[in-house]
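Student: Pasting my_file-v3.tsv here (TSV, C-alpha atoms):
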```
chain	number	residue	atom	x	y	z
A	1	MET	CA	116.99	-84.53	-255.31
A	2	ARG	CA	118.81	-81.36	-254.49
A	3	VAL	CA	122.50	-81.41	-254.26
A	4	ARG	CA	123.94	-79.21	-251.60
A	5	VAL	CA	126.78	-77.18	-252.93
A	6	ARG	CA	129.11	-76.06	-250.24
A	7	ARG	CA	131.18	-73.05	-251.09
A	8	VAL	CA	134.75	-73.66	-250.13
A	9	VAL	CA	136.57	-70.58	-248.97
A	10	PRO	CA	140.17	-70.66	-250.09
A	11	VAL	CA	142.66	-70.97	-247.27
A	12	THR	CA	144.52	-67.87	-248.43
A	13	SER	CA	141.34	-65.76	-248.12
A	14	MET	CA	140.70	-67.13	-244.65
A	15	ARG	CA	144.24	-66.29	-243.65
A	16	ARG	CA	143.77	-62.77	-245.01
A	17	VAL	CA	140.58	-62.31	-242.99
A	18	GLY	CA	142.39	-63.66	-239.91
A	19	LEU	CA	145.24	-61.22	-240.40
A	20	VAL	CA	142.82	-58.32	-240.74
A	21	ILE	CA	141.08	-59.32	-237.50
A	22	VAL	CA	144.41	-59.66	-235.67
A	23	ALA	CA	145.57	-56.30	-237.02
A	24	PHE	CA	142.30	-54.67	-235.96
A	25	LEU	CA	142.52	-56.16	-232.48
A	26	SER	CA	146.12	-54.99	-232.17
A	27	ILE	CA	145.21	-51.47	-233.19
A	28	THR	CA	142.23	-51.27	-230.84
A	29	ALA	CA	144.32	-52.77	-228.03
A	30	CYS	CA	146.85	-49.97	-228.54
A	31	THR	CA	144.30	-47.19	-228.57
A	32	ARG	CA	141.64	-48.33	-226.13
A	33	PRO	CA	142.07	-47.79	-222.39
A	34	PRO	CA	141.69	-50.91	-220.21
A	35	ARG	CA	138.30	-51.62	-218.67
A	36	PRO	CA	138.43	-50.00	-215.17
A	37	ALA	CA	136.40	-52.88	-213.72
A	38	ASP	CA	139.23	-55.27	-214.68
A	39	MET	CA	141.86	-53.15	-212.93
A	40	SER	CA	142.57	-53.08	-209.21
A	41	GLY	CA	141.80	-49.44	-208.41
A	42	PHE	CA	145.32	-48.92	-207.02
A	43	LEU	CA	145.82	-46.16	-209.60
A	44	ASP	CA	143.42	-43.25	-209.65
A	45	ASP	CA	142.68	-43.15	-213.34
A	46	TYR	CA	143.06	-46.04	-215.77
A	47	SER	CA	141.44	-44.20	-218.67
A	48	ARG	CA	144.75	-42.56	-219.59
A	49	LEU	CA	146.66	-45.85	-219.84
A	50	ARG	CA	147.62	-47.20	-223.22
A	51	LYS	CA	149.54	-50.26	-224.31
A	52	GLY	CA	153.23	-49.55	-223.81
A	53	PRO	CA	156.04	-49.99	-226.32
A	54	PRO	CA	157.78	-53.40	-226.51
A	55	GLU	CA	160.52	-52.30	-224.12
A	56	GLY	CA	158.09	-50.37	-221.85
A	57	ALA	CA	155.43	-51.16	-219.29
A	58	THR	CA	152.43	-53.27	-220.33
A	59	LEU	CA	150.10	-50.29	-219.87
A	60	VAL	CA	151.47	-46.81	-219.42
A	61	TYR	CA	150.70	-43.13	-219.24
A	62	ARG	CA	153.41	-40.47	-219.37
A	63	ASN	CA	152.53	-36.86	-218.80
A	64	PRO	CA	153.83	-35.11	-221.94
A	65	GLY	CA	154.40	-31.93	-219.93
A	66	ALA	CA	156.44	-33.56	-217.15
A	67	ASN	CA	159.88	-32.05	-216.59
A	68	TRP	CA	161.75	-35.17	-215.47
A	69	ALA	CA	165.06	-33.33	-215.20
A	70	ALA	CA	163.61	-31.26	-212.35
A	71	TYR	CA	163.55	-34.26	-210.01
A	72	ASP	CA	166.63	-35.47	-208.17
A	73	GLN	CA	165.00	-36.92	-205.04
A	74	ILE	CA	162.48	-39.68	-204.42
A	75	LEU	CA	159.97	-40.15	-201.64
A	76	PHE	CA	158.91	-43.81	-201.49
A	77	GLU	CA	155.56	-44.81	-200.10
A	78	PRO	CA	155.50	-48.26	-198.47
A	79	VAL	CA	154.90	-51.06	-200.97
A	80	THR	CA	151.33	-52.29	-200.81
A	81	ILE	CA	149.94	-55.73	-201.69
A	82	TRP	CA	146.31	-55.92	-202.87
A	83	ARG	CA	144.28	-59.02	-203.58
A	84	SER	CA	140.60	-59.37	-204.44
A	85	GLY	CA	138.33	-60.94	-201.86
A	86	GLU	CA	137.78	-60.60	-198.12
A	87	HIS	CA	140.54	-62.44	-196.21
A	88	SER	CA	142.07	-63.47	-199.53
A	89	LEU	CA	145.59	-62.89	-198.15
A	90	ASP	CA	144.94	-65.00	-195.05
A	91	ASP	CA	146.29	-68.12	-196.75
A	92	VAL	CA	149.64	-66.45	-197.51
A	93	PRO	CA	152.06	-66.58	-194.54
A	94	GLU	CA	152.49	-63.09	-193.07
A	95	ASP	CA	156.28	-63.47	-193.13
A	96	ASP	CA	156.08	-64.10	-196.89
A	97	LEU	CA	153.98	-60.96	-197.42
A	98	GLN	CA	156.56	-58.98	-195.44
A	99	HIS	CA	159.44	-60.45	-197.43
A	100	LEU	CA	157.70	-59.85	-200.75
A	101	ALA	CA	157.02	-56.19	-199.94
A	102	ALA	CA	160.49	-55.73	-198.46
A	103	GLU	CA	162.30	-57.38	-201.40
A	104	PHE	CA	160.42	-55.16	-203.83
A	105	GLU	CA	161.26	-52.05	-201.84
A	106	ARG	CA	164.90	-53.07	-201.50
A	107	ALA	CA	165.25	-53.73	-205.24
A	108	VAL	CA	163.68	-50.46	-206.30
A	109	GLN	CA	165.45	-48.35	-203.69
A	110	SER	CA	168.88	-49.83	-204.41
A	111	HIS	CA	168.57	-49.32	-208.18
A	112	LEU	CA	166.98	-45.87	-208.05
A	113	GLY	CA	169.22	-44.80	-205.18
A	114	ALA	CA	172.13	-44.57	-207.61
A	115	ASP	CA	170.46	-41.67	-209.46
A	116	TYR	CA	168.22	-40.13	-206.83
A	117	ARG	CA	168.55	-39.09	-203.21
A	118	LEU	CA	165.97	-40.97	-201.14
A	119	VAL	CA	164.07	-38.64	-198.81
A	120	ASP	CA	161.25	-39.04	-196.30
A	121	ARG	CA	159.33	-35.81	-196.85
A	122	PRO	CA	158.00	-33.80	-199.79
A	123	GLY	CA	160.02	-30.88	-201.11
A	124	GLN	CA	161.27	-29.12	-204.21
A	125	GLY	CA	162.59	-31.61	-206.76
A	126	VAL	CA	161.02	-34.57	-204.94
A	127	MET	CA	159.08	-37.23	-206.84
A	128	ARG	CA	156.63	-39.38	-204.88
A	129	VAL	CA	156.69	-43.05	-205.92
A	130	ARG	CA	153.85	-45.41	-205.03
A	131	LEU	CA	154.21	-49.06	-205.95
A	132	GLY	CA	151.80	-51.88	-205.51
A	133	ILE	CA	151.74	-55.62	-206.11
A	134	THR	CA	148.16	-56.25	-207.08
A	135	ALA	CA	145.98	-59.20	-208.01
A	136	ALA	CA	142.62	-57.50	-207.85
A	137	ARG	CA	139.68	-56.27	-209.88
A	138	GLN	CA	137.52	-53.31	-209.00
A	139	SER	CA	134.45	-55.33	-209.90
A	140	ASP	CA	135.15	-57.58	-206.89
A	141	HIS	CA	133.68	-55.97	-203.81
A	142	TRP	CA	136.16	-56.78	-201.07
A	143	LEU	CA	139.87	-56.31	-201.18
A	144	ASP	CA	142.57	-57.58	-198.86
A	145	VAL	CA	145.38	-55.12	-198.21
A	146	PHE	CA	148.84	-55.63	-196.74
A	147	GLU	CA	151.29	-52.82	-196.20
A	148	TYR	CA	154.60	-53.10	-194.46
A	149	ALA	CA	156.76	-50.14	-193.60
A	150	VAL	CA	159.53	-51.82	-191.61
A	151	PRO	CA	161.90	-54.23	-193.36
A	152	PRO	CA	162.16	-57.69	-191.79
A	153	ASP	CA	165.27	-58.52	-189.75
A	154	GLU	CA	166.25	-61.55	-191.80
A	155	SER	CA	166.08	-62.27	-195.49
A	156	VAL	CA	165.00	-65.59	-196.95
A	157	PRO	CA	167.68	-67.81	-198.53
A	158	ASP	CA	167.66	-67.78	-202.35
A	159	ALA	CA	167.19	-71.53	-202.56
A	160	GLN	CA	164.10	-71.58	-200.35
A	161	GLU	CA	161.02	-72.58	-202.31
A	162	LEU	CA	157.95	-70.37	-202.19
A	163	ALA	CA	154.95	-71.68	-200.31
A	164	SER	CA	152.30	-72.70	-202.85
A	165	THR	CA	149.92	-69.96	-201.69
A	166	THR	CA	152.67	-67.34	-201.94
A	167	ARG	CA	153.61	-68.55	-205.40
A	168	ALA	CA	149.97	-68.36	-206.54
A	169	LEU	CA	149.89	-64.71	-205.47
A	170	VAL	CA	153.19	-63.87	-207.18
A	171	VAL	CA	152.19	-65.57	-210.44
A	172	ALA	CA	148.82	-63.81	-210.58
A	173	ALA	CA	150.02	-60.35	-209.59
A	174	VAL	CA	150.97	-57.30	-211.61
A	175	ILE	CA	153.06	-54.33	-210.59
A	176	GLU	CA	151.33	-50.97	-210.53
A	177	GLY	CA	153.14	-47.69	-210.06
A	178	GLU	CA	152.43	-44.02	-209.85
A	179	PHE	CA	154.93	-41.15	-210.02
A	180	THR	CA	153.79	-37.73	-208.89
A	181	ASP	CA	155.32	-34.39	-207.96
A	182	ALA	CA	155.53	-34.64	-204.17
A	183	MET	CA	154.70	-30.94	-203.73
A	184	THR	CA	151.91	-30.36	-206.23
A	185	GLY	CA	150.58	-33.89	-206.67
A	186	GLU	CA	150.85	-33.51	-210.46
A	187	LEU	CA	150.88	-36.92	-212.13
A	188	LEU	CA	154.13	-37.54	-213.99
A	189	ALA	CA	153.57	-41.13	-215.06
A	190	GLU	CA	151.67	-44.25	-214.12
A	191	GLY	CA	151.62	-47.78	-215.35
A	192	VAL	CA	150.63	-51.39	-214.94
A	193	ASP	CA	153.24	-53.96	-215.74
A	194	ARG	CA	153.19	-57.68	-216.15
A	195	ARG	CA	156.28	-59.03	-217.80
A	196	GLY	CA	158.50	-62.03	-217.50
A	197	GLU	CA	157.55	-65.64	-217.24
A	198	ARG	CA	155.98	-65.72	-213.80
A	199	GLU	CA	155.05	-69.38	-214.10
A	200	LYS	CA	158.75	-70.25	-213.86
A	201	ILE	CA	159.11	-68.66	-210.43
A	202	ARG	CA	159.81	-71.33	-207.84
A	203	THR	CA	162.18	-69.93	-205.19
A	204	TRP	CA	162.81	-66.69	-203.32
A	205	GLY	CA	165.93	-66.33	-205.46
A	206	ASP	CA	163.66	-66.26	-208.54
A	207	VAL	CA	161.51	-63.58	-206.90
A	208	ARG	CA	164.58	-61.54	-205.96
A	209	SER	CA	166.15	-61.68	-209.41
A	210	GLY	CA	162.80	-60.90	-211.09
A	211	LEU	CA	162.32	-57.84	-208.91
A	212	ASP	CA	165.94	-56.78	-209.49
A	213	ARG	CA	165.44	-57.03	-213.26
A	214	TRP	CA	162.29	-54.95	-212.99
A	215	ALA	CA	164.01	-52.33	-210.84
A	216	THR	CA	166.95	-52.16	-213.26
A	217	TRP	CA	164.51	-51.59	-216.12
A	218	LEU	CA	162.66	-48.87	-214.14
A	219	ALA	CA	165.92	-47.10	-213.25
A	220	GLY	CA	166.90	-47.15	-216.93
A	221	ARG	CA	163.55	-45.70	-218.05
A	222	LEU	CA	163.77	-42.91	-215.46
A	223	ARG	CA	167.36	-42.16	-216.53
A	224	GLN	CA	166.22	-41.93	-220.16
A	225	SER	CA	163.33	-39.67	-219.14
A	226	ARG	CA	165.67	-37.34	-217.24
A	227	THR	CA	168.07	-37.02	-220.13
A	228	GLY	CA	165.29	-36.75	-222.70
A	229	HIS	CA	166.36	-39.94	-224.45
A	230	LEU	CA	163.21	-41.97	-223.83
A	231	PRO	CA	161.97	-43.24	-227.17
B	1	MET	CA	139.93	-80.82	-156.09
B	2	ARG	CA	142.64	-78.18	-156.40
B	3	GLY	CA	143.92	-80.00	-159.46
B	4	TRP	CA	140.52	-79.78	-161.12
B	5	ILE	CA	140.26	-76.07	-160.35
B	6	ALA	CA	143.69	-75.52	-161.90
B	7	VAL	CA	142.69	-77.42	-165.05
B	8	VAL	CA	139.39	-75.50	-165.34
B	9	ALA	CA	141.23	-72.18	-164.82
B	10	LEU	CA	143.74	-73.11	-167.54
B	11	VAL	CA	141.02	-74.11	-170.00
B	12	VAL	CA	139.09	-70.90	-169.32
B	13	SER	CA	142.18	-68.74	-169.64
B	14	VAL	CA	143.42	-70.23	-172.94
B	15	PRO	CA	140.72	-68.59	-175.14
B	16	ALA	CA	141.55	-65.22	-173.57
B	17	VAL	CA	145.21	-65.62	-174.55
B	18	ALA	CA	144.40	-66.56	-178.14
B	19	ALA	CA	141.36	-64.34	-178.57
B	20	GLN	CA	141.06	-62.04	-181.53
B	21	TYR	CA	138.79	-59.05	-181.64
B	22	PRO	CA	137.94	-57.91	-185.15
B	23	GLY	CA	137.62	-54.16	-185.48
B	24	TRP	CA	135.39	-52.34	-187.96
B	25	SER	CA	135.39	-48.93	-189.54
B	26	ASP	CA	133.49	-46.81	-192.03
B	27	THR	CA	135.14	-43.72	-193.46
B	28	GLY	CA	132.07	-42.17	-195.06
B	29	TYR	CA	132.46	-40.48	-198.44
B	30	ASN	CA	135.64	-38.59	-197.65
B	31	TYR	CA	138.43	-39.70	-199.98
B	32	TYR	CA	139.34	-38.92	-203.56
B	33	HIS	CA	141.66	-41.93	-203.86
B	34	LYS	CA	140.70	-45.54	-203.24
B	35	ARG	CA	144.19	-46.26	-201.92
B	36	ASP	CA	144.03	-43.51	-199.29
B	37	CYS	CA	140.46	-44.49	-198.44
B	38	CYS	CA	141.36	-48.14	-197.79
B	39	ASP	CA	144.50	-47.14	-195.86
B	40	ALA	CA	142.48	-44.88	-193.57
B	41	ALA	CA	139.70	-47.46	-193.14
B	42	ILE	CA	142.15	-50.21	-192.21
B	43	ALA	CA	143.99	-47.94	-189.75
B	44	LEU	CA	140.66	-47.13	-188.07
B	45	ALA	CA	139.63	-50.80	-188.01
B	46	GLN	CA	142.97	-51.69	-186.40
B	47	GLU	CA	142.35	-49.05	-183.73
B	48	ASP	CA	138.86	-50.43	-183.15
B	49	SER	CA	140.29	-53.93	-182.81
B	50	ALA	CA	142.84	-52.67	-180.27
B	51	VAL	CA	140.11	-50.93	-178.26
B	52	ARG	CA	137.97	-54.10	-178.23
B	53	CYS	CA	141.00	-56.11	-177.12
B	54	ALA	CA	141.73	-53.70	-174.26
B	55	ALA	CA	138.05	-53.59	-173.26
B	56	SER	CA	138.07	-57.34	-172.83
B	57	GLY	CA	141.09	-57.17	-170.54
B	58	GLY	CA	143.73	-57.99	-173.16
B	59	VAL	CA	146.77	-56.10	-174.31
B	60	PRO	CA	146.75	-55.14	-178.01
B	61	ARG	CA	150.03	-55.94	-179.74
B	62	PRO	CA	149.90	-54.56	-183.28
B	63	ARG	CA	152.93	-55.54	-185.35
B	64	ALA	CA	155.14	-52.54	-185.93
B	65	GLY	CA	154.82	-51.11	-189.40
B	66	VAL	CA	152.14	-53.55	-190.55
B	67	ARG	CA	148.83	-52.35	-191.91
B	68	ARG	CA	146.61	-55.22	-192.81
B	69	GLY	CA	142.90	-55.70	-193.33
B	70	SER	CA	140.00	-56.10	-195.70
B	71	CYS	CA	138.47	-53.13	-197.44
B	72	ASP	CA	135.25	-52.61	-199.35
B	73	ALA	CA	135.25	-49.37	-201.30
B	74	GLU	CA	132.28	-47.77	-202.96
B	75	TRP	CA	132.22	-44.49	-204.73
B	76	THR	CA	129.96	-41.71	-205.82
B	77	THR	CA	130.57	-38.63	-207.91
B	78	ALA	CA	130.89	-35.20	-206.34
B	79	TRP	CA	132.03	-32.02	-208.09
B	80	GLY	CA	132.83	-34.04	-211.17
B	81	ARG	CA	135.14	-36.55	-209.55
B	82	ALA	CA	134.94	-39.86	-207.75
B	83	VAL	CA	134.67	-39.76	-203.96
B	84	PHE	CA	135.25	-43.01	-202.06
B	85	ARG	CA	133.77	-44.47	-198.91
B	86	CYS	CA	135.48	-47.49	-197.36
B	87	VAL	CA	134.36	-50.10	-194.90
B	88	SER	CA	137.07	-52.20	-193.31
B	89	GLU	CA	137.65	-55.14	-191.02
B	90	SER	CA	140.97	-55.71	-189.33
B	91	VAL	CA	142.42	-57.64	-186.41
B	92	VAL	CA	145.43	-56.80	-184.25
B	93	TRP	CA	147.20	-59.28	-182.01
B	94	CYS	CA	145.67	-59.41	-178.53
B	95	ARG	CA	147.22	-61.06	-175.51
```
What does the file become when written as structure tokens?
Tutor:
Amino acid sequence: MRVRVRRVVPVTSMRRVGLVIVAFLSITACTRPPRPADMSGFLDDYSRLRKGPPEGATLVYRNPGANWAAYDQILFEPVTIWRSGEHSLDDVPEDDLQHLAAEFERAVQSHLGADYRLVDRPGQGVMRVRLGITAARQSDHWLDVFEYAVPPDESVPDAQELASTTRALVVAAVIEGEFTDAMTGELLAEGVDRRGEREKIRTWGDVRSGLDRWATWLAGRLRQSRTGHLP
Amino acid sequence: MRGWIAVVALVVSVPAVAAQYPGWSDTGYNYYHKRDCCDAAIALAQEDSAVRCAASGGVPRPRAGVRRGSCDAEWTTAWGRAVFRCVSESVVWCR
């Protein structure tokens, strides 16, 4: 009768192997661009994106040659909402889509407006900013798009709870942004960001404060870029 | 009898009030950016929807500032870069 001898791997060795795997995955995550099929297609080129620093965007590209100090005006494109699937936004009330886009625009404009003059046409020293709220993958054929250029007349009270379909969109979405020279089209920076604990969002007040925090962070990063103090 | 005619007229006229006329568009391979391609396709589909609404005797009432629709983008490579073609469906309000 043969006795099966099972080799027992010491726990410490297993831990070491685990650490090596985690370290390898972390390194490759930092250096590898995201799979374009997993991204929405809102940005033109995802191959340049890399994992951002802890205080930065989730995925980011910054043009090393960009002269941030040359820009003192911003041209905002209307905020766009993208979701995978034909008619996939139909279950979200249109008023909610308007409020979501408008709240985002308000937050970003009010925080960036302190440092930049907001303009409505390209010119010297003008940076074009395109922002999107996306929950989409390029591998999905159809895409539902909502764009709203006129702010709604009334805002939603902070305490009002989000409709479940609106909340599902907010929780699943990421913010994508592109900054270009408005005259030449040169890309200055682009990024995909998904931070904060979205699952905790319940009310319009939560949405508002989340967007305000994001806009405050963006304004700070742009300020650091202008003064050359971005780490 | 007149009452019946009024009821029939009301029933017949209700679908016309609530009718929606989906519009379609196809941009062809004309855009370097998916965003611009979908924007253009949806704008064209909204126009098509408005034309269909008017052709059926309605009055198109697009919501000011709203661009909304579905978009299917495909791309090919030309001169070393991606060129997009978008097909879109969109509906504008029709009364």
Student: Nearest to Gln160 of chain A: which of A:Leu118, A:Val207, A:Val60, A:Val174 is it, counting only C-alpha atoms?
Tutor: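 Looking only at the distances to Gln160 of chain A, the closest residue turns out to be A:Val207.
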Student: Which is closer to chain A than all the others in B:Trp79, B:Tyr29, B:Tyr21, B:Phe84, using all atoms listed in the file?
Tutor: B:Phe84
Student: Give me, as a ChimeraX atom specification, the contact residues of chain B against chain A at a cut-off of 6 Å, counting only C-alpha atoms.
Tutor: /B:35,65-72
Student: Grab the atom CA of Val129 of chain A to atom CA of Phe76 of chain A distance for me, in Å with one decimal place.
Tutor: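 Spanning atom CA of Val129 of chain A to atom CA of Phe76 of chain A is a straight-line distance of 5.0 Å.
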Student: Calculate how many Å separate atom CA of Ser25 of chain B from atom CA of Ile133 of chain A, rounding to one decimal.
Tutor: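 Computing the Euclidean distance for atom CA of Ser25 of chain B and atom CA of Ile133 of chain A yields 24.2 Å.
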Student: By how many Å are atom CA of His99 of chain A and atom CA of Ser88 of chain B apart?
Tutor: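 Here the two named atoms are 24.2 Å from each other.
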Student: Nearest to Thr203 of chain A among A:Ala172, A:Leu100, A:Leu187, A:Ala114, with distances taken over only C-alpha atoms: which residue is it?
Tutor: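 With only C-alpha atoms as the atom set, the closest residue is A:Leu100.
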Student: Could you give me, as a list in words, the residues within 8 Å of Asp48 of chain B, counting only C-alpha atoms and dropping anything in the same chain fewer than 4 positions from it?
Tutor: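 Final neighbour list, sorted by chain and number: Pro22, Gly23, Trp24, Ser25, Leu44 and Arg52 of chain B.
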Student: Once you have the residues from the selection above, write them out as a PDB file, in the coordinates of the input, restricted to C-alpha atoms.
Tutor:
```pdb
ATOM      1  CA  PRO B  22     137.940 -57.910-185.150  1.00  0.00           C
ATOM      2  CA  GLY B  23     137.620 -54.160-185.480  1.00  0.00           C
ATOM      3  CA  TRP B  24     135.390 -52.340-187.960  1.00  0.00           C
ATOM      4  CA  SER B  25     135.390 -48.930-189.540  1.00  0.00           C
ATOM      5  CA  LEU B  44     140.660 -47.130-188.070  1.00  0.00           C
ATOM      6  CA  ARG B  52     137.970 -54.100-178.230  1.00  0.00           C
TER       7      ARG B  52
END
```
Student: Applying 12 Å and all atoms listed in the file, which residues near Ala82 of chain B remain after dropping the ones on its own chain fewer than 5 positions away? List them as JSON, numbers by chain.
Tutor: {"A": [41, 44, 45], "B": [29, 30, 31, 32, 33, 34, 37, 73, 74, 75, 76, 77]}
